[in-house]
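What follows is one structure encoded as structure tokens, with my remarks underneath.
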Amino acid sequence: MKQSKVFIPTLREVPAEAEALSHQLLLKAGLIKQNTAGVYSYLPLATRVIQKISEVIREEMERIDAVEVLMPVLQHAELWQESGRWEAYGAELMRLRDRNQREFALGPTHEEVVTSLIRDELRSYKQLPLTLFQIQTKFRDEKRPRFGLLRGREFIMKDAYSFHADEESLMKTYQDMYDAYKRIFKRVGLNVRPVVADSGAIGGNYTHEFHALSAIGEDTIVYSDNSDYAANIEKAEVVYVPSDAAKEAPQALEKIATPNVKSAKELAELLGKPLEQTTKSMVFKVDDAFVMVLVRGHHEINDVKLKDYFNTDNITMATEDEIRNLLGAAPGSLGPVTDSEIKVYADNSVQDLVNIPVGANEDGFHYVNAVVGRDFEVDGYGDFRFILEGEPLADGSGNAKFAEGIEVGQVFVLGEKYSKSMNATILNNQGREQHLTMGCYGIGVSRTLSAIIEQHHDDNGIIWPKSVTPYDLHLITVNPKKEAQFELAEKLYATLQEKYDVLYDDRQERAGVKFNDADLIGLPIRIVVGKNAEGGIVEVKRRDTGDSEEVAVDALVDYIEGLYEQV
Ligand code: ATP
Ligand code: MG
């Protein structure tokens with residue numbers, strides 16, 4: 001393709017609004033253009049990369065017998081009411097009305113649509129297992145759309161759904177998908193780590209996320225240097241190792257004035273104690289009951305673990321009003337020494353403390369030397385906090401390491417969540433009606449495009465992996481007004497196109513502009529037709545290493561063939 005005909009609006013300056021490197025490069029290299037917050041046009045180069053990523057996905061999906069469909073983006077509210085997610089999905093669901101005031105959503109995901117499709121069509125276990133996938137635009141009204149394509153409000157996703165008569169069949173497809181995802185991300189050049197994760201709003205009970213390791217990642221991944229262990233920090237289990245370090249003789253409970261103390265850190269400073277020997281108490285509403293949760297001062301409460309412990313999704317922090325009604329104080333002065341009926345839960349590591357400083361449930365006052373069993377009871381100990389870097393890992397392989405990750409894909413075991421709420425049944429091999437068992441599997445296609453750039457760039461621009469590059473070769477004339485250059489470039493363009501996708505920079509631009517653009521755009525191999533054209537010599541340069549070589553035109557095709565193997 002002649003570059004003069006392709007729409008590639010490159011920029012010289014880094015756009016001020018772009019924080020993430022991939023966002024900057026997508027804009028600078030002329031791949032995307034913002035329409036409104038979190039909504040982008042994909043320009044020609046990005047469109048080609050999206051198509052290449054999609055082709056890799058299609059090949060790997062078909063390899064595991066998943067078949068492609070295209071389901072509606074416009075989804076009737078009734079379907080979402082049936083599953084209970086019209087309410088539960090909250091503000092992220094893009095809602096709209098038709099001319100008759102009937103309510104609809106723009107699909108953020110397709111469990112409801114696909115379940116309704118299947119329940120009307122599938123009758124017998126003999127039609128199972130069945131896996132459908134699609135590649136389509138999704139809509140989520142994200143609270144903070146940011147980082148360009150990494151978190152959009154409109155984005156491209158590959159979503160797949162599998163249907164089974166039993167758990168065994170589901171687990172086989174889950175494993176097939178897991179393996180296919182590993183192949184997909186490898187093929188598109190992404191370094192990813194599959195991690196144990198939380199199932200969140202989709203529901204279900206077993207799931208892995210695939211994270212592209214990157215400093216801009218919004219998730220913290222806990223991993224091991226000595227094993228395959230990797231978990232989203234939300235899920236990384238803390239191994240409780242009892243410690244005697246803070247064991248001391250119990251002292252008398254004493255109430256002290258702590259004006260202006262609102263945090264464990266301020267309390268530790270006032271008392272002259274290490275932060276580790278203080279606690280913080282927080283009140284949560286679990287379904288309809290209030291509970292207090294204690295962790296040590298240097299730990300953070302992890303609400304995903306609370307959800308797992310109490311076996312409910314319905315946990316929120318109590319409001320200030322609720323807390324005041326219940327305990328008579330503001331959040332900075334709470335503690336478990338109380339006449340209220342509130343149940344008290346504590347992180348395992350609180351067992352190591354004896355004389356514990358806690359809020360007195362009176363604004364501006366704390367107790368020092370509260371002792372478990374004497375001044376308050378703990379209704380249950382558990383793992384309620386985030387792991388810290390360096391703590392022992394649950395698989396016994398060593399100590400926790402942290403890295404940031406971009407979630408590019410996720411596989412879920414859904415079980416019967418949707419087939420039950422939406423009544424999707426089949427006849428099993430005993431002729432009895434039973435609910436379908438399901439799995440679902442997503443890849444953020446547009447997010448993957450960004451993640452690839454996060455992992456493949458240098459100061460001058462993008463360095464495309466060969467598998468997804470928008471064009472294979474960049475053919476550049478330094479000065480197309482010179483007859484010899486023009487003619488040689490035209491000839492090479494015709495020849496090279498037989499084997500490669502060639503982007504041919506035929507523009508009447510200064511050489512510096514052309515080279516800058518070529519670096520930004522980042523095709524694997526550049527062929528420059530310049531002043532040596534008359535002598536039949538061109539320059540060939542690798543984008544990744546920057547190595548360049550003068551090559552005689554007669555030898556060029558073979559040379560490129562060899563080099564293309566290596567990049
Ligand atoms: P996140 O935690 O990042 O909000 P999610 O877990 O809600 O994502 P899923 O429901 O698992 O997302 O969707 C499948 C995939 O779609 C994700 O793994 C991610 O790659 C992609 N994705 C989700 N939300 C967005 C978004 N706002 N913009 C771009 N891609 C997204
Ligand atoms: Mg996810």
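Chains: A, B, ... in order of the structure tokens. Residues: from 1 per chain. Ligands: from 1, in order shown.
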
Find the nearest atom pair between each residue of stretch 186-240 of chain A and stretch 468-480 of chain A for residues within 10 Å, count only C-alpha atoms, give distances in Å to one decimal, sort rows by chain and ascending number, and present the table as a tab-separated table.
residue	atom	partner	partner_atom	distance
A:Arg187	CA	A:Val468	CA	8.8
A:Val188	CA	A:Val468	CA	6.1
A:Gly189	CA	A:Val468	CA	8.2

Report as CSV: every residue of chain A with an atom at most 9 Å from ligand 2, its closest pair of atoms, and their distance in Å to one decimal, counting only C-alpha atoms and all ligand atoms, with rows sorted by chain and ascending residue number.
residue,atom,partner,partner_atom_place_in_ligand_line,distance
A:Ala197,CA,ligand 2,1 (Mg),8.5
A:Asp198,CA,ligand 2,1 (Mg),8.5
A:Ser199,CA,ligand 2,1 (Mg),7.7
A:Gly200,CA,ligand 2,1 (Mg),7.9
A:Ile202,CA,ligand 2,1 (Mg),8.7
A:His208,CA,ligand 2,1 (Mg),8.7
A:Glu209,CA,ligand 2,1 (Mg),6.5
A:Phe210,CA,ligand 2,1 (Mg),8.8
A:Glu407,CA,ligand 2,1 (Mg),6.8
A:Val408,CA,ligand 2,1 (Mg),8.1
A:Gly409,CA,ligand 2,1 (Mg),6.6
A:Gln410,CA,ligand 2,1 (Mg),5.2
A:Val411,CA,ligand 2,1 (Mg),8.1
A:Phe412,CA,ligand 2,1 (Mg),8.9
A:Gly442,CA,ligand 2,1 (Mg),7.6
A:Ile443,CA,ligand 2,1 (Mg),8.8

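Minimum atom-to-atom distances from A:Asp313, A:Asp347, A:Asp120, A:Glu276 to A:Gly297 were compared using only C-alpha atoms, and the lowest value belongs to A:Glu276.
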
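Residues of protein, DNA or RNA having any atom at most 7 Å from ligand 1, counting only C-alpha atoms and all ligand atoms, are Thr109, Arg140, Glu142, Pro145, Leu149, Leu150, Arg151, Gly152, Arg153, Glu154, Phe155, Ile156, Met157, Glu209, Glu407, Val408, Gly409, Gln410, Gly442, Ile443, Gly444, Val445, Ser446, Arg447 and Thr448 of chain A.
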
Selection: 10 Å around A:Lys126, only C-alpha atoms, excl. self and same-chain fewer than 3 positions, as JSON, numbers by chain: {"A": [122, 123, 129, 164, 165, 426, 427, 428, 429]}

With all heavy atoms retained, could you export that selection as an mmCIF file, in the first residue's frame?
data_model
loop_
_atom_site.group_PDB
_atom_site.id
_atom_site.type_symbol
_atom_site.label_atom_id
_atom_site.label_comp_id
_atom_site.auth_asym_id
_atom_site.auth_seq_id
_atom_site.Cartn_x
_atom_site.Cartn_y
_atom_site.Cartn_z
ATOM 1 N N LEU A 122 -31.241 -25.750 22.364
ATOM 2 C CA LEU A 122 -30.643 -27.030 22.745
ATOM 3 C C LEU A 122 -31.633 -27.868 23.529
ATOM 4 O O LEU A 122 -32.245 -27.382 24.475
ATOM 5 C CB LEU A 122 -29.399 -26.819 23.611
ATOM 6 C CG LEU A 122 -28.100 -26.438 22.919
ATOM 7 C CD1 LEU A 122 -26.956 -26.537 23.914
ATOM 8 C CD2 LEU A 122 -27.833 -27.328 21.726
ATOM 9 N N ARG A 123 -31.752 -29.126 23.169
ATOM 10 C CA ARG A 123 -32.713 -29.997 23.834
ATOM 11 C C ARG A 123 -32.048 -31.165 24.568
ATOM 12 O O ARG A 123 -32.518 -31.590 25.608
ATOM 13 C CB ARG A 123 -33.700 -30.584 22.800
ATOM 14 C CG ARG A 123 -34.651 -29.571 22.208
ATOM 15 C CD ARG A 123 -35.831 -29.309 23.151
ATOM 16 N NE ARG A 123 -36.554 -28.112 22.749
ATOM 17 C CZ ARG A 123 -36.343 -26.897 23.262
ATOM 18 N NH1 ARG A 123 -35.453 -26.722 24.206
ATOM 19 N NH2 ARG A 123 -37.034 -25.865 22.840
ATOM 20 N N PRO A 129 -20.716 -31.215 24.223
ATOM 21 C CA PRO A 129 -20.532 -29.807 24.594
ATOM 22 C C PRO A 129 -20.592 -28.893 23.360
ATOM 23 O O PRO A 129 -20.368 -29.347 22.239
ATOM 24 C CB PRO A 129 -19.125 -29.778 25.188
ATOM 25 C CG PRO A 129 -18.418 -30.909 24.519
ATOM 26 C CD PRO A 129 -19.445 -31.964 24.247
ATOM 27 N N HIS A 164 -22.375 -27.485 28.774
ATOM 28 C CA HIS A 164 -22.016 -28.870 29.074
ATOM 29 C C HIS A 164 -23.130 -29.559 29.861
ATOM 30 O O HIS A 164 -23.929 -28.898 30.528
ATOM 31 C CB HIS A 164 -20.743 -28.916 29.925
ATOM 32 C CG HIS A 164 -19.654 -28.051 29.372
ATOM 33 N ND1 HIS A 164 -18.701 -28.511 28.509
ATOM 34 C CD2 HIS A 164 -19.408 -26.715 29.531
ATOM 35 C CE1 HIS A 164 -17.899 -27.512 28.159
ATOM 36 N NE2 HIS A 164 -18.312 -26.410 28.766
ATOM 37 N N ALA A 165 -23.070 -30.905 29.800
ATOM 38 C CA ALA A 165 -24.015 -31.681 30.609
ATOM 39 C C ALA A 165 -23.434 -31.942 31.991
ATOM 40 O O ALA A 165 -24.173 -32.212 32.931
ATOM 41 C CB ALA A 165 -24.327 -33.003 29.914
ATOM 42 N N ILE A 426 -31.602 -29.128 29.633
ATOM 43 C CA ILE A 426 -31.570 -30.140 28.570
ATOM 44 C C ILE A 426 -32.018 -31.466 29.177
ATOM 45 O O ILE A 426 -32.083 -31.613 30.402
ATOM 46 C CB ILE A 426 -30.152 -30.363 28.002
ATOM 47 C CG1 ILE A 426 -29.141 -30.389 29.148
ATOM 48 C CG2 ILE A 426 -29.795 -29.361 26.951
ATOM 49 C CD1 ILE A 426 -28.101 -31.409 28.990
ATOM 50 N N LEU A 427 -32.264 -32.426 28.304
ATOM 51 C CA LEU A 427 -32.541 -33.778 28.788
ATOM 52 C C LEU A 427 -31.212 -34.515 28.869
ATOM 53 O O LEU A 427 -30.451 -34.549 27.901
ATOM 54 C CB LEU A 427 -33.483 -34.500 27.821
ATOM 55 C CG LEU A 427 -34.894 -33.905 27.759
ATOM 56 C CD1 LEU A 427 -35.740 -34.663 26.741
ATOM 57 C CD2 LEU A 427 -35.563 -33.914 29.139
ATOM 58 N N ASN A 428 -30.931 -35.108 30.047
ATOM 59 C CA ASN A 428 -29.660 -35.807 30.200
ATOM 60 C C ASN A 428 -29.764 -37.238 29.690
ATOM 61 O O ASN A 428 -30.810 -37.642 29.150
ATOM 62 C CB ASN A 428 -29.170 -35.735 31.648
ATOM 63 C CG ASN A 428 -30.076 -36.501 32.598
ATOM 64 O OD1 ASN A 428 -30.880 -37.339 32.177
ATOM 65 N ND2 ASN A 428 -29.945 -36.211 33.878
ATOM 66 N N ASN A 429 -28.693 -38.019 29.863
ATOM 67 C CA ASN A 429 -28.698 -39.355 29.247
ATOM 68 C C ASN A 429 -29.659 -40.338 29.920
ATOM 69 O O ASN A 429 -29.847 -41.446 29.450
ATOM 70 C CB ASN A 429 -27.273 -39.922 29.147
ATOM 71 C CG ASN A 429 -26.628 -39.994 30.518
ATOM 72 O OD1 ASN A 429 -27.270 -39.690 31.535
ATOM 73 N ND2 ASN A 429 -25.360 -40.375 30.550
#

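Among the candidates A:Ile8, A:Ala46, A:Met177, A:Ile452, the one nearest to A:Glu60 when counting only C-alpha atoms is A:Met177.
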
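Using only C-alpha atoms, the shortest contact distance between A:Lys255 and any of A:Val358, A:Leu306, A:Ala330, A:Leu267 is found at A:Val358.
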
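Nearest to A:Asn423 of all the residues A:Val239, A:Ile53, A:Ile118, A:Val14 is A:Ile118, counting only C-alpha atoms.
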
Shell around A:Thr47 at 10 Å using only C-alpha atoms, local window under 3 positions removed, as an NGL selection string: :A and (31-32 or 41-44 or 50-53 or 446 or 470)

Atomic distance atom CA of A:Ser116 - atom CA of A:Leu414, expressed in Å with one decimal: 15.3 Å

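Excluding A:Phe486 and any residue on its chain fewer than 4 positions from it, the residues at most 9 Å away by only C-alpha atoms are Thr477, Asn479, Pro480, Lys481, Lys482, Glu490, Lys491, Asp506, Val529 and Ala533 of chain A.
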
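Shell of A:Asp159 at 6 Å, with only C-alpha atoms counted and residues fewer than 5 places along the chain excluded, is Phe133, Gln134, Tyr441 and Gly442 of chain A.
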
Write out as a PDB file with N, CA, C and O atoms, in the first residue's frame which residues come within 12 Å of A:Ala252 when counting only C-alpha atoms, dropping same-chain ones fewer than 2 positions away.
ATOM      1  N   ALA A 249       3.154  -9.652  79.023  1.00  0.00           N
ATOM      2  CA  ALA A 249       2.163  -9.890  80.085  1.00  0.00           C
ATOM      3  C   ALA A 249       1.016  -8.897  79.925  1.00  0.00           C
ATOM      4  O   ALA A 249       1.254  -7.725  79.639  1.00  0.00           O
ATOM      5  N   PRO A 250      -0.248  -9.372  80.092  1.00  0.00           N
ATOM      6  CA  PRO A 250      -1.389  -8.470  79.943  1.00  0.00           C
ATOM      7  C   PRO A 250      -1.323  -7.329  80.957  1.00  0.00           C
ATOM      8  O   PRO A 250      -0.945  -7.536  82.109  1.00  0.00           O
ATOM      9  N   GLU A 254      -6.940   0.676  79.724  1.00  0.00           N
ATOM     10  CA  GLU A 254      -6.935   2.088  80.113  1.00  0.00           C
ATOM     11  C   GLU A 254      -7.451   2.912  78.944  1.00  0.00           C
ATOM     12  O   GLU A 254      -7.068   2.670  77.803  1.00  0.00           O
ATOM     13  N   LYS A 255      -8.338   3.872  79.272  1.00  0.00           N
ATOM     14  CA  LYS A 255      -8.853   4.740  78.212  1.00  0.00           C
ATOM     15  C   LYS A 255      -8.018   6.017  78.177  1.00  0.00           C
ATOM     16  O   LYS A 255      -7.792   6.635  79.215  1.00  0.00           O
ATOM     17  N   VAL A 354      -0.986  -8.921  72.327  1.00  0.00           N
ATOM     18  CA  VAL A 354      -1.590  -9.067  73.665  1.00  0.00           C
ATOM     19  C   VAL A 354      -2.225  -7.749  74.097  1.00  0.00           C
ATOM     20  O   VAL A 354      -3.448  -7.636  74.150  1.00  0.00           O
ATOM     21  N   ASN A 355      -1.444  -6.759  74.384  1.00  0.00           N
ATOM     22  CA  ASN A 355      -1.984  -5.466  74.849  1.00  0.00           C
ATOM     23  C   ASN A 355      -2.282  -4.584  73.634  1.00  0.00           C
ATOM     24  O   ASN A 355      -1.423  -3.866  73.152  1.00  0.00           O
ATOM     25  N   ILE A 356      -3.547  -4.668  73.183  1.00  0.00           N
ATOM     26  CA  ILE A 356      -3.851  -4.094  71.869  1.00  0.00           C
ATOM     27  C   ILE A 356      -4.472  -2.704  72.015  1.00  0.00           C
ATOM     28  O   ILE A 356      -5.448  -2.529  72.756  1.00  0.00           O
ATOM     29  N   PRO A 357      -3.920  -1.715  71.314  1.00  0.00           N
ATOM     30  CA  PRO A 357      -4.592  -0.419  71.269  1.00  0.00           C
ATOM     31  C   PRO A 357      -5.778  -0.492  70.307  1.00  0.00           C
ATOM     32  O   PRO A 357      -5.617  -0.960  69.181  1.00  0.00           O
ATOM     33  N   TYR A 367      -8.641   2.916  73.725  1.00  0.00           N
ATOM     34  CA  TYR A 367      -8.155   2.100  74.841  1.00  0.00           C
ATOM     35  C   TYR A 367      -6.746   1.656  74.506  1.00  0.00           C
ATOM     36  O   TYR A 367      -6.445   1.366  73.337  1.00  0.00           O
ATOM     37  N   VAL A 368      -5.905   1.571  75.518  1.00  0.00           N
ATOM     38  CA  VAL A 368      -4.673   0.815  75.340  1.00  0.00           C
ATOM     39  C   VAL A 368      -4.796  -0.455  76.167  1.00  0.00           C
ATOM     40  O   VAL A 368      -5.595  -0.513  77.112  1.00  0.00           O
ATOM     41  N   ASN A 369      -4.050  -1.474  75.787  1.00  0.00           N
ATOM     42  CA  ASN A 369      -4.005  -2.740  76.527  1.00  0.00           C
ATOM     43  C   ASN A 369      -5.326  -3.510  76.530  1.00  0.00           C
ATOM     44  O   ASN A 369      -5.697  -4.109  77.536  1.00  0.00           O
ATOM     45  N   ALA A 370      -6.049  -3.476  75.426  1.00  0.00           N
ATOM     46  CA  ALA A 370      -7.216  -4.356  75.328  1.00  0.00           C
ATOM     47  C   ALA A 370      -6.707  -5.783  75.106  1.00  0.00           C
ATOM     48  O   ALA A 370      -5.730  -6.001  74.374  1.00  0.00           O
ATOM     49  N   VAL A 371      -7.312  -6.738  75.803  1.00  0.00           N
ATOM     50  CA  VAL A 371      -6.853  -8.125  75.723  1.00  0.00           C
ATOM     51  C   VAL A 371      -8.012  -8.995  75.255  1.00  0.00           C
ATOM     52  O   VAL A 371      -9.116  -8.926  75.797  1.00  0.00           O
ATOM     53  N   ARG A 374     -10.572 -11.103  77.527  1.00  0.00           N
ATOM     54  CA  ARG A 374     -10.808 -10.377  78.776  1.00  0.00           C
ATOM     55  C   ARG A 374     -11.671  -9.140  78.494  1.00  0.00           C
ATOM     56  O   ARG A 374     -12.699  -8.945  79.133  1.00  0.00           O
ATOM     57  N   ASP A 375     -11.268  -8.351  77.502  1.00  0.00           N
ATOM     58  CA  ASP A 375     -11.990  -7.097  77.229  1.00  0.00           C
ATOM     59  C   ASP A 375     -12.938  -7.211  76.037  1.00  0.00           C
ATOM     60  O   ASP A 375     -13.869  -6.442  75.898  1.00  0.00           O
TER      61      ASP A 375
END
